[in-house]
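Q: So here's protein-v3.cif (mmCIF, C-alpha atoms (C1' of nucleotides)).
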data_structure
loop_
_atom_site.label_atom_id
_atom_site.label_comp_id
_atom_site.auth_asym_id
_atom_site.auth_seq_id
_atom_site.Cartn_x
_atom_site.Cartn_y
_atom_site.Cartn_z
CA MET A 1 -10.31 6.20 21.46
CA GLU A 2 -13.33 8.32 20.61
CA GLN A 3 -11.10 11.34 20.22
CA ARG A 4 -8.86 9.60 17.77
CA ILE A 5 -11.85 8.39 15.75
CA GLU A 6 -13.17 11.93 15.73
CA ARG A 7 -9.86 13.19 14.42
CA ILE A 8 -9.69 10.58 11.70
CA LYS A 9 -13.24 11.49 10.76
CA LYS A 10 -12.23 15.10 10.28
CA GLN A 11 -9.25 14.04 8.27
CA LEU A 12 -11.51 12.05 5.96
CA HIS A 13 -14.00 14.89 5.64
CA SER A 14 -11.26 17.34 4.77
CA GLN A 15 -10.69 15.31 1.63
CA SER A 16 -14.44 14.74 1.05
CA TYR A 17 -14.43 11.15 2.21
CA LYS A 18 -17.04 9.83 4.62
CA LEU A 19 -16.55 7.83 7.78
CA THR A 20 -19.07 5.12 6.95
CA PRO A 21 -20.00 2.45 9.51
CA GLN A 22 -17.73 -0.02 7.71
CA ARG A 23 -14.83 2.37 7.78
CA GLU A 24 -15.39 3.18 11.41
CA ALA A 25 -15.51 -0.51 12.31
CA THR A 26 -12.23 -1.01 10.50
CA VAL A 27 -10.56 1.92 12.24
CA ARG A 28 -11.79 0.65 15.61
CA VAL A 29 -10.16 -2.71 15.00
CA LEU A 30 -6.91 -0.98 14.11
CA LEU A 31 -7.06 1.11 17.28
CA GLU A 32 -7.82 -1.92 19.42
CA HIS A 33 -4.84 -3.77 17.99
CA GLU A 34 -2.36 -0.98 17.78
CA GLU A 35 0.51 -3.15 18.95
CA ASP A 36 -0.07 -5.85 16.40
CA HIS A 37 0.80 -5.82 12.75
CA LEU A 38 -2.37 -7.02 11.16
CA SER A 39 -2.73 -8.18 7.60
CA ALA A 40 -5.81 -7.22 5.59
CA GLU A 41 -7.22 -10.67 6.23
CA ASP A 42 -6.60 -10.32 9.98
CA VAL A 43 -8.41 -7.00 10.00
CA TYR A 44 -11.26 -8.46 7.97
CA LEU A 45 -11.79 -11.34 10.39
CA LEU A 46 -11.73 -9.03 13.41
CA VAL A 47 -14.13 -6.54 11.84
CA LYS A 48 -16.42 -9.41 10.86
CA GLU A 49 -16.84 -10.38 14.52
CA LYS A 50 -18.75 -7.20 15.20
CA SER A 51 -20.00 -6.35 11.73
CA PRO A 52 -20.52 -9.69 9.97
CA GLU A 53 -21.92 -8.14 6.81
CA ILE A 54 -18.70 -6.44 5.81
CA GLY A 55 -16.84 -7.60 2.69
CA LEU A 56 -13.13 -8.24 2.32
CA ALA A 57 -12.93 -5.83 -0.62
CA THR A 58 -14.23 -3.02 1.56
CA VAL A 59 -11.55 -3.68 4.12
CA TYR A 60 -8.92 -3.55 1.40
CA ARG A 61 -10.40 -0.34 0.06
CA THR A 62 -10.51 1.21 3.52
CA LEU A 63 -6.94 0.25 4.30
CA GLU A 64 -5.81 1.71 1.00
CA LEU A 65 -7.64 4.93 1.81
CA LEU A 66 -6.14 5.13 5.27
CA THR A 67 -2.69 4.53 3.84
CA GLU A 68 -3.21 7.38 1.41
CA LEU A 69 -4.21 9.66 4.28
CA LYS A 70 -1.18 8.49 6.24
CA VAL A 71 -3.37 7.29 9.09
CA VAL A 72 -1.76 3.88 8.71
CA ASP A 73 1.45 2.67 7.13
CA LYS A 74 1.54 -0.32 4.86
CA ILE A 75 4.49 -2.52 5.67
CA ASN A 76 5.95 -5.70 4.39
CA PHE A 77 8.09 -8.04 6.40
CA GLY A 78 8.75 -10.36 3.50
CA ASP A 79 6.14 -12.98 4.32
CA GLY A 80 3.98 -12.34 1.30
CA VAL A 81 1.29 -10.21 2.90
CA SER A 82 1.02 -6.49 3.52
CA ARG A 83 0.53 -5.43 7.08
CA TYR A 84 -0.99 -2.24 8.34
CA ASP A 85 0.32 -0.20 11.21
CA LEU A 86 -1.36 2.80 12.80
CA ARG A 87 0.79 5.91 12.84
CA GLN A 88 1.38 7.48 16.20
CA GLU A 89 -0.64 10.63 16.62
CA GLY A 90 1.43 13.51 15.26
CA ALA A 91 4.33 11.33 14.23
CA THR A 92 6.14 12.77 11.27
CA HIS A 93 8.15 9.66 10.74
CA PHE A 94 7.37 6.03 10.57
CA HIS A 95 8.50 4.03 13.56
CA HIS A 96 11.02 1.23 13.34
CA HIS A 97 10.65 -2.51 13.78
CA LEU A 98 12.52 -5.34 15.42
CA VAL A 99 11.71 -8.63 13.76
CA CYS A 100 12.85 -11.78 15.55
CA ILE A 101 14.12 -14.45 13.17
CA GLU A 102 13.58 -17.12 15.83
CA CYS A 103 10.03 -16.62 16.99
CA GLY A 104 8.74 -14.14 14.42
CA SER A 105 7.69 -11.54 16.97
CA VAL A 106 7.66 -7.90 15.88
CA ASP A 107 8.41 -5.09 18.30
CA GLU A 108 8.24 -1.41 17.66
CA ILE A 109 10.68 1.38 18.32
CA GLN A 110 8.89 4.69 18.54
CA GLU A 111 11.96 6.84 19.03
CA ASP A 112 13.42 8.45 15.97
CA LEU A 113 16.94 7.12 15.84
CA LEU A 114 17.72 8.39 12.37
CA GLY A 115 18.02 12.14 12.90
CA GLU A 116 21.75 12.31 12.32
CA VAL A 117 21.77 9.66 9.63
CA GLU A 118 19.11 11.53 7.66
CA LYS A 119 21.04 14.77 7.81
CA THR A 120 24.05 12.95 6.37
CA VAL A 121 22.04 11.34 3.59
CA GLU A 122 20.30 14.58 2.61
CA LYS A 123 23.60 16.40 2.38
CA ARG A 124 25.75 13.74 0.83
CA TRP A 125 23.31 12.27 -1.68
CA GLU A 126 21.28 15.44 -2.23
CA PHE A 127 18.15 13.46 -1.55
CA LYS A 128 15.13 15.09 0.08
CA ILE A 129 13.85 12.55 2.59
CA LYS A 130 10.11 12.31 3.06
CA ASP A 131 9.87 9.06 4.96
CA HIS A 132 11.82 5.97 5.87
CA ARG A 133 11.53 2.30 6.62
CA LEU A 134 13.91 0.72 9.09
CA THR A 135 13.68 -2.87 10.20
CA PHE A 136 16.18 -4.84 12.18
CA HIS A 137 16.28 -8.60 11.86
CA GLY A 138 17.78 -10.51 14.72
CA ILE A 139 17.09 -12.30 17.95
CA CYS A 140 14.77 -10.80 20.51
CA LYS A 141 15.33 -10.56 24.23
CA GLN A 142 13.15 -13.58 25.02
CA CYS A 143 14.78 -15.88 22.48
CA ASN A 144 18.20 -14.73 23.60
CA GLN A 145 17.43 -15.73 27.15
CA LYS A 146 16.15 -19.12 26.07
CA GLU A 147 19.30 -19.73 24.07
CA ASN A 148 21.51 -18.87 27.02
CA GLU A 149 19.58 -21.21 29.28
CA THR A 150 20.07 -24.04 26.81
CA GLU A 151 23.77 -23.36 26.61
CA GLU A 152 24.11 -23.46 30.35
CA LYS A 153 22.50 -26.87 30.49
CA VAL A 154 24.90 -28.25 27.89
CA MET B 155 33.20 -12.05 -12.79
CA GLU B 156 34.57 -15.57 -13.19
CA GLN B 157 36.05 -15.41 -9.72
CA ARG B 158 32.77 -14.48 -8.19
CA ILE B 159 31.00 -17.28 -10.02
CA GLU B 160 33.64 -19.67 -8.79
CA ARG B 161 33.07 -18.54 -5.25
CA ILE B 162 29.33 -18.91 -5.50
CA LYS B 163 29.87 -22.37 -6.94
CA LYS B 164 31.88 -23.35 -3.91
CA GLN B 165 29.25 -21.92 -1.65
CA LEU B 166 26.62 -24.05 -3.35
CA HIS B 167 28.77 -27.17 -3.20
CA SER B 168 29.46 -26.69 0.48
CA GLN B 169 25.74 -27.20 1.02
CA SER B 170 25.54 -29.99 -1.59
CA TYR B 171 23.84 -27.90 -4.22
CA LYS B 172 25.00 -27.88 -7.82
CA LEU B 173 25.75 -24.95 -10.06
CA THR B 174 23.70 -26.13 -13.00
CA PRO B 175 23.79 -24.27 -16.33
CA GLN B 176 20.45 -22.65 -15.48
CA ARG B 177 21.69 -21.51 -12.12
CA GLU B 178 24.88 -20.19 -13.61
CA ALA B 179 22.98 -18.27 -16.28
CA THR B 180 20.83 -16.73 -13.57
CA VAL B 181 23.82 -15.75 -11.46
CA ARG B 182 25.48 -14.19 -14.51
CA VAL B 183 22.47 -12.03 -15.15
CA LEU B 184 22.52 -10.89 -11.56
CA LEU B 185 26.21 -10.04 -11.79
CA GLU B 186 25.71 -8.13 -15.03
CA HIS B 187 22.92 -6.08 -13.50
CA GLU B 188 24.33 -5.51 -10.09
CA GLU B 189 23.15 -1.91 -9.96
CA ASP B 190 19.57 -2.69 -10.85
CA HIS B 191 16.90 -4.13 -8.65
CA LEU B 192 15.48 -6.86 -10.80
CA SER B 193 12.26 -8.68 -10.17
CA ALA B 194 12.02 -12.41 -10.78
CA GLU B 195 10.29 -11.67 -14.06
CA ASP B 196 13.06 -9.25 -15.08
CA VAL B 197 15.69 -11.88 -14.35
CA TYR B 198 13.70 -14.47 -16.25
CA LEU B 199 13.48 -12.33 -19.38
CA LEU B 200 17.19 -11.51 -19.27
CA VAL B 201 18.22 -15.11 -18.75
CA LYS B 202 15.91 -16.16 -21.56
CA GLU B 203 17.85 -13.99 -24.02
CA LYS B 204 20.85 -16.27 -23.72
CA SER B 205 19.21 -19.46 -22.55
CA PRO B 206 15.75 -19.48 -24.13
CA GLU B 207 14.82 -22.89 -22.78
CA ILE B 208 14.79 -21.81 -19.13
CA GLY B 209 11.53 -21.80 -17.21
CA LEU B 210 10.21 -19.12 -14.91
CA ALA B 211 9.82 -21.60 -12.07
CA THR B 212 13.50 -22.44 -12.25
CA VAL B 213 14.39 -18.78 -11.92
CA TYR B 214 12.16 -18.50 -8.87
CA ARG B 215 13.72 -21.62 -7.38
CA THR B 216 17.22 -20.35 -8.05
CA LEU B 217 16.52 -16.96 -6.55
CA GLU B 218 15.06 -18.59 -3.48
CA LEU B 219 18.15 -20.75 -3.15
CA LEU B 220 20.48 -17.78 -3.53
CA THR B 221 18.51 -15.88 -0.94
CA GLU B 222 18.87 -18.75 1.46
CA LEU B 223 22.64 -18.77 0.90
CA LYS B 224 22.69 -15.00 1.37
CA VAL B 225 24.19 -14.48 -2.06
CA VAL B 226 21.29 -12.17 -2.84
CA ASP B 227 18.85 -10.26 -0.70
CA LYS B 228 15.16 -10.28 -1.41
CA ILE B 229 13.71 -6.82 -1.09
CA ASN B 230 10.34 -5.27 -1.42
CA PHE B 231 9.70 -1.64 -2.23
CA GLY B 232 5.97 -1.92 -1.88
CA ASP B 233 5.12 -2.28 -5.56
CA GLY B 234 3.84 -5.83 -5.33
CA VAL B 235 6.91 -7.66 -6.61
CA SER B 236 9.99 -8.96 -4.85
CA ARG B 237 13.30 -7.71 -6.11
CA TYR B 238 16.66 -9.37 -5.79
CA ASP B 239 19.86 -7.61 -4.94
CA LEU B 240 23.32 -9.11 -5.00
CA ARG B 241 25.18 -8.78 -1.73
CA GLN B 242 28.51 -7.03 -1.89
CA GLU B 243 31.31 -9.50 -1.56
CA GLY B 244 32.11 -9.84 2.11
CA ALA B 245 29.43 -7.40 3.19
CA THR B 246 28.14 -8.27 6.59
CA HIS B 247 25.25 -5.90 6.28
CA PHE B 248 22.70 -5.16 3.69
CA HIS B 249 23.12 -1.84 1.92
CA HIS B 250 20.52 0.91 2.07
CA HIS B 251 18.22 2.30 -0.58
CA LEU B 252 16.98 5.67 -1.72
CA VAL B 253 13.63 5.36 -3.48
CA CYS B 254 12.39 8.42 -5.35
CA ILE B 255 8.66 8.94 -5.02
CA GLU B 256 8.62 11.11 -8.15
CA CYS B 257 10.41 9.05 -10.76
CA GLY B 258 10.68 5.68 -9.03
CA SER B 259 14.45 5.45 -9.33
CA VAL B 260 16.31 3.41 -6.73
CA ASP B 261 19.81 4.32 -5.62
CA GLU B 262 22.05 2.42 -3.29
CA ILE B 263 24.07 3.50 -0.31
CA GLN B 264 26.89 1.09 0.33
CA GLU B 265 28.23 2.79 3.44
CA ASP B 266 27.04 1.44 6.72
CA LEU B 267 25.40 4.41 8.38
CA LEU B 268 23.83 2.47 11.20
CA GLY B 269 26.81 1.58 13.36
CA GLU B 270 25.91 3.87 16.23
CA VAL B 271 22.20 3.28 15.90
CA GLU B 272 22.68 -0.47 16.09
CA LYS B 273 24.76 -0.21 19.23
CA THR B 274 21.97 1.79 20.82
CA VAL B 275 19.30 -0.69 19.77
CA GLU B 276 21.26 -3.73 20.94
CA LYS B 277 21.83 -2.18 24.33
CA ARG B 278 18.49 -0.57 24.92
CA TRP B 279 16.18 -3.22 23.51
CA GLU B 280 18.43 -6.19 24.25
CA PHE B 281 18.02 -7.31 20.69
CA LYS B 282 20.82 -9.12 18.88
CA ILE B 283 20.91 -7.62 15.41
CA LYS B 284 21.71 -9.93 12.52
CA ASP B 285 20.68 -7.75 9.61
CA HIS B 286 18.74 -4.66 8.72
CA ARG B 287 16.65 -3.04 6.04
CA LEU B 288 16.78 0.69 5.61
CA THR B 289 14.99 2.53 2.83
CA PHE B 290 14.48 6.24 2.48
CA HIS B 291 11.55 7.50 0.48
CA GLY B 292 11.84 10.99 -0.92
CA ILE B 293 12.88 13.06 -3.89
CA CYS B 294 16.10 12.35 -5.71
CA LYS B 295 18.70 14.83 -6.89
CA GLN B 296 17.45 14.86 -10.47
CA CYS B 297 13.79 15.39 -9.60
CA ASN B 298 14.76 18.07 -7.12
CA GLN B 299 16.57 19.99 -9.83
CA LYS B 300 13.63 19.69 -12.20
CA GLU B 301 11.30 21.00 -9.53
CA ASN B 302 13.53 23.99 -8.85
CA GLU B 303 13.70 24.84 -12.54
CA THR B 304 9.91 24.78 -12.79
CA GLU B 305 9.61 27.05 -9.78
CA GLU B 306 11.99 29.55 -11.29
CA LYS B 307 9.90 29.75 -14.44
CA VAL B 308 6.69 30.43 -12.47
"C1'" DG C 309 -31.46 12.72 -7.43
"C1'" DT C 310 -26.80 11.84 -7.50
"C1'" DA C 311 -22.45 10.48 -6.36
"C1'" DA C 312 -19.89 7.93 -3.20
"C1'" DG C 313 -19.62 3.58 -0.92
"C1'" DT C 314 -20.62 -1.41 -0.59
"C1'" DG C 315 -20.83 -6.65 -1.24
"C1'" DC C 316 -20.20 -10.23 -4.12
"C1'" DA C 317 -17.99 -12.75 -7.49
"C1'" DA C 318 -14.83 -12.79 -10.99
"C1'" DA C 319 -10.43 -11.37 -12.64
"C1'" DG C 320 -5.62 -10.41 -12.10
"C1'" DG C 321 -0.85 -10.94 -10.98
"C1'" DA C 322 2.95 -12.99 -8.49
"C1'" DT C 323 4.68 -17.04 -6.73
"C1'" DT C 324 4.56 -22.04 -5.65
"C1'" DT C 325 3.82 -26.82 -6.52
"C1'" DG C 326 3.02 -31.56 -8.74
"C1'" DC C 327 4.77 -34.35 -11.82
"C1'" DA C 328 7.04 -36.65 -15.60
"C1'" DG C 329 11.14 -36.44 -17.90
"C1'" DG C 330 16.40 -35.31 -17.98
"C1'" DC C 331 20.85 -34.99 -16.58
"C1'" DG C 332 25.09 -34.97 -13.96
"C1'" DA C 333 27.99 -37.25 -10.42
"C1'" DT D 334 21.84 -45.86 -11.63
"C1'" DC D 335 20.03 -42.53 -8.39
"C1'" DG D 336 18.55 -38.51 -6.90
"C1'" DC D 337 18.72 -33.79 -7.76
"C1'" DC D 338 17.09 -30.47 -11.10
"C1'" DT D 339 14.13 -28.79 -14.74
"C1'" DG D 340 10.06 -27.26 -17.63
"C1'" DC D 341 5.49 -27.07 -18.06
"C1'" DA D 342 1.00 -26.38 -16.54
"C1'" DA D 343 -2.02 -26.16 -12.94
"C1'" DA D 344 -2.88 -24.50 -8.49
"C1'" DT D 345 -2.65 -21.13 -4.87
"C1'" DC D 346 -2.55 -16.95 -2.55
"C1'" DC D 347 -3.16 -12.04 -2.03
"C1'" DT D 348 -5.20 -8.13 -3.96
"C1'" DT D 349 -7.92 -5.49 -7.30
"C1'" DT D 350 -11.85 -4.68 -10.21
"C1'" DG D 351 -16.64 -4.69 -12.48
"C1'" DC D 352 -21.10 -4.24 -11.55
"C1'" DA D 353 -25.58 -3.76 -9.65
"C1'" DC D 354 -27.40 -2.21 -5.44
"C1'" DT D 355 -27.61 0.85 -1.35
"C1'" DT D 356 -27.10 4.85 1.22
"C1'" DA D 357 -26.42 9.46 2.84
"C1'" DC D 358 -26.91 14.18 1.91
#
Would you write out, as structure tokens, the structure that this file holds?
A:
Amino acid sequence: MEQRIERIKKQLHSQSYKLTPQREATVRVLLEHEEDHLSAEDVYLLVKEKSPEIGLATVYRTLELLTELKVVDKINFGDGVSRYDLRQEGATHFHHHLVCIECGSVDEIQEDLLGEVEKTVEKRWEFKIKDHRLTFHGICKQCNQKENETEEKV
Amino acid sequence: MEQRIERIKKQLHSQSYKLTPQREATVRVLLEHEEDHLSAEDVYLLVKEKSPEIGLATVYRTLELLTELKVVDKINFGDGVSRYDLRQEGATHFHHHLVCIECGSVDEIQEDLLGEVEKTVEKRWEFKIKDHRLTFHGICKQCNQKENETEEKV
DNA sequence: GTAAGTGCAAAGGATTTGCAGGCGA
DNA sequence: TCGCCTGCAAATCCTTTGCACTTAC
């Protein structure tokens, strides 16, 4: 935790940004909720618990800054709000998501499954890939099991 | 064109929706701009050219309806507006996109490149895939060429 | 001292909603 | 006729911005 904060601090400094108390509080919330996909409002409420004087605009500004530095990725699952997802340390590519259309849960896939696909795209479309977004919509393990149980009863 | 409208009409009727003149005008605009990725506002302005009395809310309501029927897909490239993309006739999967971070152009990939990847995901994560979203961010052919020319001059 | 960073409130932009009127089956 | 559909305007929601104040170096 402290190491990662330290590293983010250096990253900020390298571009002449400061790690202010508000920014640190925001980063800590992101680190503590790495598995979740928090919206700006979510982050704001969580930061507020420990630092009640913070403003929503500051959270937005911090998240924008972190997105620019590629510390977080801004994602959109089509529900009207942007969500922010911490990048894995050293990850060159954005991880993938599994969105369940039954229960709304979002799981992450850290593995890079697109190696071959990207080679094909770069060659065939002469497109230099810098990043990608891949989301699968479907039914998660848990909901699948529930459905099967229901069917058995019928 | 007329055939596709006819088919969409049937699809609406099968769910007891009507193909009103406003809805038809909206669908026509979508068909005429299949290659583009129009926002609701874009669609509204184009429909207005031929049917000036239409309201923006109606366009939003129509696009929502078409999304529900899977006639169009609602996509989001992170620029704050939703865009609407006609599904290929009979396509079971959503096509992919190449977004250029230099010039903002959006190209489409109709081929399904994810066959193998999806098999892996379904098996390994026990997730039943219903649809996917895949977008590559990078530099398009045209911008690549421009960049190379500039380098040669330097 | 100065520039970057902050909080608040107001503004902005996209989308949705309430409602009265219209229209097609 | 009845209920779906529409247009308009107002409302709502998320996000950004202006501004005066604070803070760190």
Q: Which residues would end up in the selection if the PyMOL selection byres ((chain D) within 12 of (chain A)) were applied here, given that I need the answer as a list of chain:residue names?
A: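 When the PyMOL selection byres ((chain D) within 12 of (chain A)) is applied to the shown file, the picked residues are D:DC346, D:DC347, D:DT348, D:DT349, D:DT350, D:DT356, D:DA357, D:DC358.
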Q: Could you save the residues just selected, with C-alpha atoms (C1' of nucleotides), as a PDB file, in the frame of the given file?
A:
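The resulting file, result-v5.pdb, is reproduced below:
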ATOM      1  C1'  DC D 346      -2.550 -16.950  -2.550  1.00  0.00           C
ATOM      2  C1'  DC D 347      -3.160 -12.040  -2.030  1.00  0.00           C
ATOM      3  C1'  DT D 348      -5.200  -8.130  -3.960  1.00  0.00           C
ATOM      4  C1'  DT D 349      -7.920  -5.490  -7.300  1.00  0.00           C
ATOM      5  C1'  DT D 350     -11.850  -4.680 -10.210  1.00  0.00           C
ATOM      6  C1'  DT D 356     -27.100   4.850   1.220  1.00  0.00           C
ATOM      7  C1'  DA D 357     -26.420   9.460   2.840  1.00  0.00           C
ATOM      8  C1'  DC D 358     -26.910  14.180   1.910  1.00  0.00           C
TER       9       DC D 358
END
Q: List the residues selected by the PyMOL selection byres ((chain C) within 10 of (chain B)) in the file shown, writing them as a PyMOL selection string.
A: chain C and resi 321-325+331-332
Q: Evaluate the PyMOL selection byres ((chain A) within 6 of (chain B)) on the structure here and hand back the selected residues as a VMD selection string.
A: chain A and resid 126 to 141
Q: Could you turn the residues from that selection into a file that holds C-alpha atoms, as a PDB file, keeping the file's coordinate frame?
A:
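Once written, part.pdb looks like this:
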ATOM      1  CA  GLU A 126      21.280  15.440  -2.230  1.00  0.00           C
ATOM      2  CA  PHE A 127      18.150  13.460  -1.550  1.00  0.00           C
ATOM      3  CA  LYS A 128      15.130  15.090   0.080  1.00  0.00           C
ATOM      4  CA  ILE A 129      13.850  12.550   2.590  1.00  0.00           C
ATOM      5  CA  LYS A 130      10.110  12.310   3.060  1.00  0.00           C
ATOM      6  CA  ASP A 131       9.870   9.060   4.960  1.00  0.00           C
ATOM      7  CA  HIS A 132      11.820   5.970   5.870  1.00  0.00           C
ATOM      8  CA  ARG A 133      11.530   2.300   6.620  1.00  0.00           C
ATOM      9  CA  LEU A 134      13.910   0.720   9.090  1.00  0.00           C
ATOM     10  CA  THR A 135      13.680  -2.870  10.200  1.00  0.00           C
ATOM     11  CA  PHE A 136      16.180  -4.840  12.180  1.00  0.00           C
ATOM     12  CA  HIS A 137      16.280  -8.600  11.860  1.00  0.00           C
ATOM     13  CA  GLY A 138      17.780 -10.510  14.720  1.00  0.00           C
ATOM     14  CA  ILE A 139      17.090 -12.300  17.950  1.00  0.00           C
ATOM     15  CA  CYS A 140      14.770 -10.800  20.510  1.00  0.00           C
ATOM     16  CA  LYS A 141      15.330 -10.560  24.230  1.00  0.00           C
TER      17      LYS A 141
END
Q: CA of Thr58 (chain A) and CA of Leu38 (chain A) are how many Å apart?
A: 15.8 Å
Q: Provide the CA of Arg87 (chain A) to CA of His191 (chain B) distance in Å, to one decimal place.
A: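 These two atoms are separated by 28.7 Å.
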Q: In Å, how far is it from CA of Val225 (chain B) to C1' of DG336 (chain D)?
A: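 Atom-to-atom, CA of Val225 (chain B) and C1' of DG336 (chain D) are spaced 25.2 Å apart.
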Q: Tell me which protein, DNA and RNA residues are within 10 Å of region 1-8 of chain A, counting all atoms listed in the file, leaving out same-chain ones fewer than 3 positions away, and put them as a PyMOL selection string.
A: chain A and resi 11-14+19+24+27-28+31-32+66+69+71+89
Q: Name the residues in contact with Ser16 (chain A) at a cut-off of 12 Å, using all atoms listed in the file, excluding same-chain residues fewer than 6 positions from it; report them as a PDB file with C-alpha atoms (C1' of nucleotides), keeping the file's coordinate frame.
A:
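And here's around-v2.pdb as it stands now:
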ATOM      1  CA  LYS A   9     -13.240  11.490  10.760  1.00  0.00           C
ATOM      2  CA  LYS A  10     -12.230  15.100  10.280  1.00  0.00           C
ATOM      3  CA  LEU A  65      -7.640   4.930   1.810  1.00  0.00           C
ATOM      4  CA  LEU A  69      -4.210   9.660   4.280  1.00  0.00           C
TER       5      LEU A  69
ATOM      6  C1'  DA C 311     -22.450  10.480  -6.360  1.00  0.00           C
ATOM      7  C1'  DA C 312     -19.890   7.930  -3.200  1.00  0.00           C
TER       8       DA C 312
END
